[in-house]
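These notes concern the structure reproduced below.
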Amino acid sequence: MKVFLVCVGLGLVLAAASGAQAYHRFWASCNYDAPTFMTTMTRDAVQDYANAARYEGYQWGGGCWNYDDVDSYPNDALRDPSTHGEGGDCSGFVFKTWRESQDAWRDGRYYWRALRNVHGPYDASAFKYGNGAPNHVISKSSAGTMDAFASDWHIGMVFYRSLYGGDQIVEAKCETCGTNIFYRTYRSDSSYGGVARWGWTG
Amino acid sequence: MGRPSIRSLAGGAAGIAAGIIAGIGLSSISTASPSLPSPPRFVDAAHVPPVLTLPGEPIRLRFAVVCTPRNDGEPCHGSGDVYVRAGQTGTFGRLALRRSEDSKDGRYYVDLPEEIGSSPDGFSYYAVLRDDETGATLTVPSGGAAAPQRSLQLRAPAAVTLGAHVFGHPRAADARVVEARWGSAPQDVGLAGSRERGFTGPSAFDVEPDGTVDVLDQVNGRVSRWTRVRHSLVPIGVDDGLADFAVEADGSYDVLEPTGTLRSFRADGSPKWSQTLSDRTWAQLARGPSGPVVQQQPSEQWLPAAEEGRPLTRSAQARAGRPGKPVGDGREVIVERVGESELRVAETVGNSPLRSWRITSATSLGEVQLAEPQADRIVLVAKTYTDERDEFLVLVLDAKGLAHEFSVAATAWAEAAPLARFRLAGSSLYRLGSTPAGAFVDRFELEVPR
């Protein structure tokens with residue numbers, strides 16, 4: 001019995017070591033609920049949704065966050081999805097905001113709650129080329145609120161146009177900068193293309 | 001020490017396994033939130049003010065009201081009032097916002113009566129927006145009646161018609177004043193990122209009156225200074241995000257970080273003060289006549305961040321918002337990009353235009369990087385682009401219209417701050433660029449007849 005109790009203590013210490021701790025970090029609070037199928041999707045409703053994700057962090061390969069305005073696990077190792085921190089990455093954030101399906105052939109509208117952990121099938125480059133039934137390429141000059149600009153490594157959505165010709169972009173940018181609204185000049189940058197979601201209803 | 005029995009080995013293994021399972025379970029419980037916290041009750045806004053109008057132009061003010069997301073996925077119920085007056089002084093009248101079916105350019109709008117929208121003295125206004133479900137309100141611009149949006153009417157702007165831009169014929173620089181390889185050695189500048197995530201290089205630079213070029217090498221945590229004869233480094237404590245940067249007349253440095261914190265450093269790099277901006281988003285930092293000024297959203301105004309070396313509170317910043325960038329002697333330069341391919345520019349004193357330009361192009365116009373007076377002219381740098389190509393346009397504007405123009409290649413391999421790629425010092429225009437090998441600063445002389 002003494003050996004058993006000593007080894008239980010040793011096991012607790014091992015469990016606290018980084019590997020096991022990392023695996024059960026923020027994602028332990030997330031869920032895998034089914035999305036709500038919707039017949040409507042207005043630009044201002046998804047603008048509300050994206051805006052509420054500000055300050056909630058960035059996680060490479062991630063897709064869940066809460067609404068406490070804090071990145072619960074900041075400064076994770078870069079490009080390591082196993083850190084399981086809070087927030088989406090750029091393409092996961094667009095996927096959830098644009099209410100897309102995990103099946104690329106479906107173009108319906110699927111409302112994913114913030115704590116639903118889902119990234120979707122697209123990376124930034126796939127969005128750039130309009131892959132998937134819900135997405136299509138547009139002329140950059142025509143991009144409006146909640147359309148997006150995508151490059152081979154990043155995608156951000158137009159929160160609103162701006163006076164000096166750039167855009168306020170809502171995006172999950174990087175581990176250190178998190179998810180927020182930044183002024184960007186993606187519209188006129190030839191690395192970026194215009195991309196939009198089919199199916200806005202207002 | 002005796003040989004362990006099978007029984008004690010089995011007990012130990014079971015103990016370790018039980019401990020690990022219990023530990024994982026405990027850490028899961030400790031990190032898990034039982035339910036989704038309610039979204040914070042807030043209302044935010046977006047609005048592009050028509051700061052430079054033409055006689056007879058109908059004026060529709062559009063606002064996006066951004067509120068707490070609803071659980072059913074539908075847009076929030078917003079409302080609001082615009083308080084507006086003809087001219088720049090006097091009492092404001094109230095106009096209720098209307099709700100449109102489409103939200104691509106903002107769902108809430110009001111059409112100004114002709115006697116206000118066509119007033120020769122322009123008009124001024126602010127809006128109070130509401131989330132009707134939570135009761136949260138927001139005033140835009142945040143200075144309200146003390147610092148309203150000011151729209152000025154351009155009576156006879158000089159017309160500048162650019163036609164279709166011909167790409168691929170940029171002007172060569174007159175000198176490459178800085179050339180640095182990527183790295184962390186003293187002569188290098190830092191590079192962050194990867195091919196998969198994109199690269200970030202020096203995010204901004206500035207040029208002092210004597211031609212000294214200061215590059216914000218935020219990746220290496222320093223300012224890299226190139227005088228005409230020597231190079232030196234000044235370590236400063238900033239994060240490695242895309243920041244804007246200005247050098248004050250006394251040699252101190254202003255660094256505007258991505259999250260909206262402006263940090264002031266002495267010339268030796270020691271921290272002086274820091275202050276949070278009034279608005280949620282910034283576009284550009286500039287050196288004003290009495291301290292740093294920042295173009296911000298959602299106000300879309302230039303707000304002073306400090307005066308005479310002291311930071312201003314957020315409310316003091318908001319109360320001093322102006323439509324244009326202050327350029328000294330009480331003058332401002334106001335810029336508005338209209339539609340896809342028109343720019344309006346005015347130099348003003350007080351609330352009156354001194355001179356103005358209306359620039360139209362057959363090729364789309366992007367962001368305005370720089371608009372500043374140089375002698376009796378205005379130097380304007382804007383991006384022109386198609387879906388596949390982009391170049392910078394340098395326009396030198398005089399009383400008659402366009403004095404001369406040239407294009408500059410958009411050589412930006414690594415990302416920099418959005419509106420920090422050009423600086424004007426005397427009659428020289430400087431630009432920050434980058435290639436796979438490193439970063440550089442080029443100089444273009446504007447006085448040389450070409």
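Identifiers for the structure tokens are assigned positionally: chains receive A, B, ... in sequence, residues are indexed from 1 per chain, and ligands are indexed from 1 in the order shown.
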Quiz prompt | Which of stretch 22-84 of chain A fall in alpha helix (DSSP H), as a ChimeraX atom specification | solution = /A:22-23,43-52
Generate the output file for the selected residues, N, CA and C atoms, as a compact mmCIF listing (two decimals), in the first residue's frame.
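Just written: result-v9.txt:
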# COMPACT_ATOMS: atom_id res chain seq x y z
N ALA A 22 -0.50 20.39 -21.26
CA ALA A 22 -0.79 21.08 -22.52
C ALA A 22 -2.00 20.47 -23.20
N TYR A 23 -2.08 19.14 -23.18
CA TYR A 23 -3.15 18.49 -23.90
C TYR A 23 -4.51 18.89 -23.36
N ARG A 43 -24.55 40.48 -43.05
CA ARG A 43 -23.18 40.93 -42.83
C ARG A 43 -23.01 41.53 -41.44
N ASP A 44 -24.02 42.25 -40.95
CA ASP A 44 -23.84 42.86 -39.64
C ASP A 44 -23.94 41.83 -38.51
N ALA A 45 -24.70 40.74 -38.73
CA ALA A 45 -24.74 39.70 -37.69
C ALA A 45 -23.37 39.02 -37.55
N VAL A 46 -22.72 38.74 -38.68
CA VAL A 46 -21.40 38.11 -38.57
C VAL A 46 -20.34 39.14 -38.15
N GLN A 47 -20.61 40.40 -38.43
CA GLN A 47 -19.72 41.46 -37.93
C GLN A 47 -19.78 41.50 -36.39
N ASP A 48 -20.99 41.37 -35.85
CA ASP A 48 -21.14 41.29 -34.39
C ASP A 48 -20.35 40.10 -33.83
N TYR A 49 -20.49 38.96 -34.50
CA TYR A 49 -19.84 37.72 -34.06
C TYR A 49 -18.32 37.87 -34.07
N ALA A 50 -17.79 38.40 -35.18
CA ALA A 50 -16.34 38.55 -35.29
C ALA A 50 -15.80 39.56 -34.28
N ASN A 51 -16.54 40.63 -34.10
CA ASN A 51 -16.10 41.68 -33.18
C ASN A 51 -16.01 41.15 -31.74
N ALA A 52 -16.92 40.26 -31.38
CA ALA A 52 -16.93 39.74 -30.01
C ALA A 52 -15.75 38.82 -29.75
Exercise. Quick one: everything within 8 Å of B:Gly321, counting only C-alpha atoms, minus sequence neighbours fewer than 4 positions away in the same chain. Send it as a PyMOL selection string.
Key: chain B and resi 143+147-148+301-304+317
Exercise. Might you pull out every residue within 10 Å of B:Asp279, with only C-alpha atoms counted and same-chain residues fewer than 5 positions away left off, and present them as a PyMOL selection string?
Key: chain B and resi 141-142+260+294-301+303+314+317-318
Serialized selection, C-alpha atoms, as a compact mmCIF listing (two decimals), in the first residue's frame:
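Heads up, here's the output in selection-v4.txt:
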# COMPACT_ATOMS: atom_id res chain seq x y z
CA PRO B 141 -16.65 60.47 -32.83
CA SER B 142 -15.98 60.00 -29.16
CA GLY B 260 -3.02 50.96 -29.30
CA VAL B 294 -2.66 59.53 -34.55
CA GLN B 295 -5.31 58.86 -37.19
CA GLN B 296 -7.84 56.55 -35.50
CA GLN B 297 -11.02 54.56 -35.98
CA PRO B 298 -13.96 54.62 -35.50
CA SER B 299 -13.64 58.41 -35.16
CA GLU B 300 -11.67 58.66 -38.46
CA GLN B 301 -10.04 61.74 -36.98
CA LEU B 303 -6.19 62.87 -32.37
CA ARG B 314 -8.05 59.40 -23.58
CA GLN B 317 -7.43 63.15 -26.95
CA ALA B 318 -11.05 62.68 -28.02
Quiz item: With distances taken over only C-alpha atoms, which of A:Thr39, A:Thr176, A:Thr185, A:Ser29 is nearest to A:Tyr110?
Solution: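 Ranking A:Thr39, A:Thr176, A:Thr185, A:Ser29 by distance to A:Tyr110, first place goes to A:Thr39.
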Quiz item: Between B:Gly80, B:Gly56, B:Gly183, B:Gly122, which is the closest to B:Ala437 once you count only C-alpha atoms?
Solution: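 Looking only at the distances to B:Ala437, the closest residue turns out to be B:Gly183.
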Practice problem: Identify which of the residues A:Ser139, A:Ser101, A:Ser125, A:Thr179 lies closest to chain B, counting only C-alpha atoms when measuring atom-to-atom distances. | Solution: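 Closest candidate: A:Ser139.
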Practice problem: Write out as number ranges by chain which residues come within 12 Å of B:Gly90 when counting only C-alpha atoms, dropping same-chain ones fewer than 6 positions away. | Solution: B: 83-84, 123-125, 145-146, 148
Please write the residues from the selection above to a file, keeping N, CA and C atoms, as a compact mmCIF listing (two decimals), in the first residue's frame.
# COMPACT_ATOMS: atom_id res chain seq x y z
N TYR B 83 -26.61 64.15 -34.64
CA TYR B 83 -26.76 65.55 -34.26
C TYR B 83 -25.93 66.37 -35.23
N VAL B 84 -26.60 67.18 -36.03
CA VAL B 84 -25.94 67.79 -37.18
C VAL B 84 -26.31 69.27 -37.27
N PHE B 123 -20.67 71.17 -43.07
CA PHE B 123 -21.54 70.79 -41.97
C PHE B 123 -20.72 70.02 -40.94
N SER B 124 -21.26 69.90 -39.76
CA SER B 124 -20.56 69.16 -38.70
C SER B 124 -21.58 68.33 -37.93
N TYR B 125 -21.14 67.19 -37.37
CA TYR B 125 -22.09 66.27 -36.76
C TYR B 125 -21.39 65.27 -35.86
N ALA B 145 -19.94 66.55 -29.27
CA ALA B 145 -20.14 67.94 -29.69
C ALA B 145 -18.85 68.76 -29.58
N ALA B 146 -17.93 68.34 -28.71
CA ALA B 146 -16.69 69.10 -28.54
C ALA B 146 -15.74 68.91 -29.73
N PRO B 148 -16.72 67.36 -33.20
CA PRO B 148 -17.58 66.62 -34.14
C PRO B 148 -16.84 66.33 -35.45
Quiz prompt | Long-range neighbours of B:Arg310 as a list in words, 12 Å cut-off, only C-alpha atoms, 3 positions minimum in chain | solution = Leu262, Arg263, Ser264, Lys272, Trp273, Ser274, Gln275, Ser290, Gly291, Pro292, Pro304, Ala305, Ala306, Glu307, Thr313, Ala316 and Gln317 of chain B
Pull C-alpha atoms from the residues just selected and write them as a CSV table (one decimal), in the first residue's frame.
chain,number,residue,atom,x,y,z
B,262,LEU,CA,1.8,54.8,-27.6
B,263,ARG,CA,5.2,54.6,-25.9
B,264,SER,CA,7.7,57.5,-25.7
B,272,LYS,CA,9.6,58.1,-20.8
B,273,TRP,CA,5.9,57.4,-20.7
B,274,SER,CA,3.2,55.3,-22.3
B,275,GLN,CA,-0.5,56.1,-23.0
B,290,SER,CA,3.2,70.1,-30.6
B,291,GLY,CA,3.5,66.3,-30.3
B,292,PRO,CA,2.5,63.0,-31.8
B,304,PRO,CA,-3.3,64.3,-30.5
B,305,ALA,CA,-1.7,61.8,-28.1
B,306,ALA,CA,0.6,64.2,-26.2
B,307,GLU,CA,1.3,67.9,-26.0
B,313,THR,CA,-5.7,61.3,-21.3
B,316,ALA,CA,-8.5,64.8,-23.7
B,317,GLN,CA,-7.4,63.1,-27.0
Quiz item: Nearest to chain B among A:Ala148, A:Ile155, A:Cys177, A:Ala196, with distances taken over only C-alpha atoms: which residue is it?
Solution: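 Looking at the shortest contact to chain B, the residue is A:Cys177.
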Self-check item: Residues near A:Ala126, cut-off 10 Å, only C-alpha atoms, skip fewer than 2 positions along chain, as a list of chain:residue names
Solution: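 Near neighbours after the sequence-gap exclusion: A:Ser91, A:Pro121, A:Tyr122, A:Asp123, A:Ala124, A:Lys128, A:Tyr129, A:Gly130, A:Asn131, A:Gly132, A:Asn135, A:Ala150, A:Ser151, A:Asp152, A:Trp153.
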Quiz item: Which of these, B:Glu447, B:Asp398, B:Asp72, B:Asp131, has the shortest distance to B:Asp174 once you count only C-alpha atoms?
Solution: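 Looking at the shortest contact to B:Asp174, the residue is B:Glu447.
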Exercise. For atom CA of B:Val166 and atom CA of B:Gly201, quote the distance in Å rounded to one decimal.
Key: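 For atom CA of B:Val166 relative to atom CA of B:Gly201, the distance reads 28.9 Å.
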Exercise. Find, counting only C-alpha atoms, the residue in B:Ala46, B:Ala158, B:Ile378, B:Leu446 that gets nearest to A:Ile169.
Key: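 The closest residue to A:Ile169 is B:Ala46.
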Quiz item: In Å, with one decimal, what is the gap from atom CA of B:Glu74 to atom CA of B:Val48?
Solution: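 Separating atom CA of B:Glu74 from atom CA of B:Val48 is a distance of 24.3 Å.
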Practice problem: Mind checking which residues fall within 12 Å of A:Trp112, counting only C-alpha atoms, ignoring those fewer than 2 positions away in the same chain, and posting them as number ranges by chain? | Solution: A: 30-38, 46, 49-50, 63-65, 92-102, 109-110, 114-120; B: 71-73
How would the residues just picked look written out with C-alpha atoms as a PDB file, in the first residue's frame?
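Contents of result-v5.pdb, as written:
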ATOM      1  CA  CYS A  30     -14.579  23.632 -25.612  1.00  0.00           C
ATOM      2  CA  ASN A  31     -17.342  21.458 -27.013  1.00  0.00           C
ATOM      3  CA  TYR A  32     -18.290  19.578 -30.142  1.00  0.00           C
ATOM      4  CA  ASP A  33     -21.928  20.607 -30.376  1.00  0.00           C
ATOM      5  CA  ALA A  34     -23.650  20.508 -33.734  1.00  0.00           C
ATOM      6  CA  PRO A  35     -23.985  23.894 -35.450  1.00  0.00           C
ATOM      7  CA  THR A  36     -27.382  25.498 -35.927  1.00  0.00           C
ATOM      8  CA  PHE A  37     -28.534  25.443 -39.546  1.00  0.00           C
ATOM      9  CA  MET A  38     -29.801  28.889 -40.519  1.00  0.00           C
ATOM     10  CA  VAL A  46     -21.401  38.114 -38.572  1.00  0.00           C
ATOM     11  CA  TYR A  49     -19.837  37.724 -34.055  1.00  0.00           C
ATOM     12  CA  ALA A  50     -16.336  38.552 -35.290  1.00  0.00           C
ATOM     13  CA  GLY A  63     -11.211  27.311 -33.371  1.00  0.00           C
ATOM     14  CA  CYS A  64     -12.778  27.943 -29.971  1.00  0.00           C
ATOM     15  CA  TRP A  65     -12.893  30.858 -27.606  1.00  0.00           C
ATOM     16  CA  GLY A  92     -10.525  28.934 -38.728  1.00  0.00           C
ATOM     17  CA  PHE A  93     -11.805  32.318 -37.612  1.00  0.00           C
ATOM     18  CA  VAL A  94     -13.142  33.085 -41.112  1.00  0.00           C
ATOM     19  CA  PHE A  95     -14.688  29.618 -41.414  1.00  0.00           C
ATOM     20  CA  LYS A  96     -16.661  30.024 -38.186  1.00  0.00           C
ATOM     21  CA  THR A  97     -17.582  33.646 -38.846  1.00  0.00           C
ATOM     22  CA  TRP A  98     -18.803  32.820 -42.340  1.00  0.00           C
ATOM     23  CA  ARG A  99     -20.932  29.975 -40.965  1.00  0.00           C
ATOM     24  CA  GLU A 100     -19.536  27.339 -43.276  1.00  0.00           C
ATOM     25  CA  SER A 101     -19.881  23.569 -43.289  1.00  0.00           C
ATOM     26  CA  GLN A 102     -17.111  21.094 -42.591  1.00  0.00           C
ATOM     27  CA  ARG A 109     -25.264  28.446 -43.304  1.00  0.00           C
ATOM     28  CA  TYR A 110     -24.134  26.814 -40.075  1.00  0.00           C
ATOM     29  CA  ALA A 114     -17.862  30.487 -29.803  1.00  0.00           C
ATOM     30  CA  LEU A 115     -16.892  27.490 -27.645  1.00  0.00           C
ATOM     31  CA  ARG A 116     -17.481  24.974 -30.428  1.00  0.00           C
ATOM     32  CA  ASN A 117     -14.022  23.738 -31.341  1.00  0.00           C
ATOM     33  CA  VAL A 118     -13.884  23.635 -35.121  1.00  0.00           C
ATOM     34  CA  HIS A 119     -11.393  24.854 -37.700  1.00  0.00           C
ATOM     35  CA  GLY A 120     -12.971  23.778 -40.973  1.00  0.00           C
TER      36      GLY A 120
ATOM     37  CA  ASN B  71     -27.543  33.763 -29.481  1.00  0.00           C
ATOM     38  CA  ASP B  72     -29.911  33.173 -32.398  1.00  0.00           C
ATOM     39  CA  GLY B  73     -27.340  34.426 -34.932  1.00  0.00           C
TER      40      GLY B  73
END
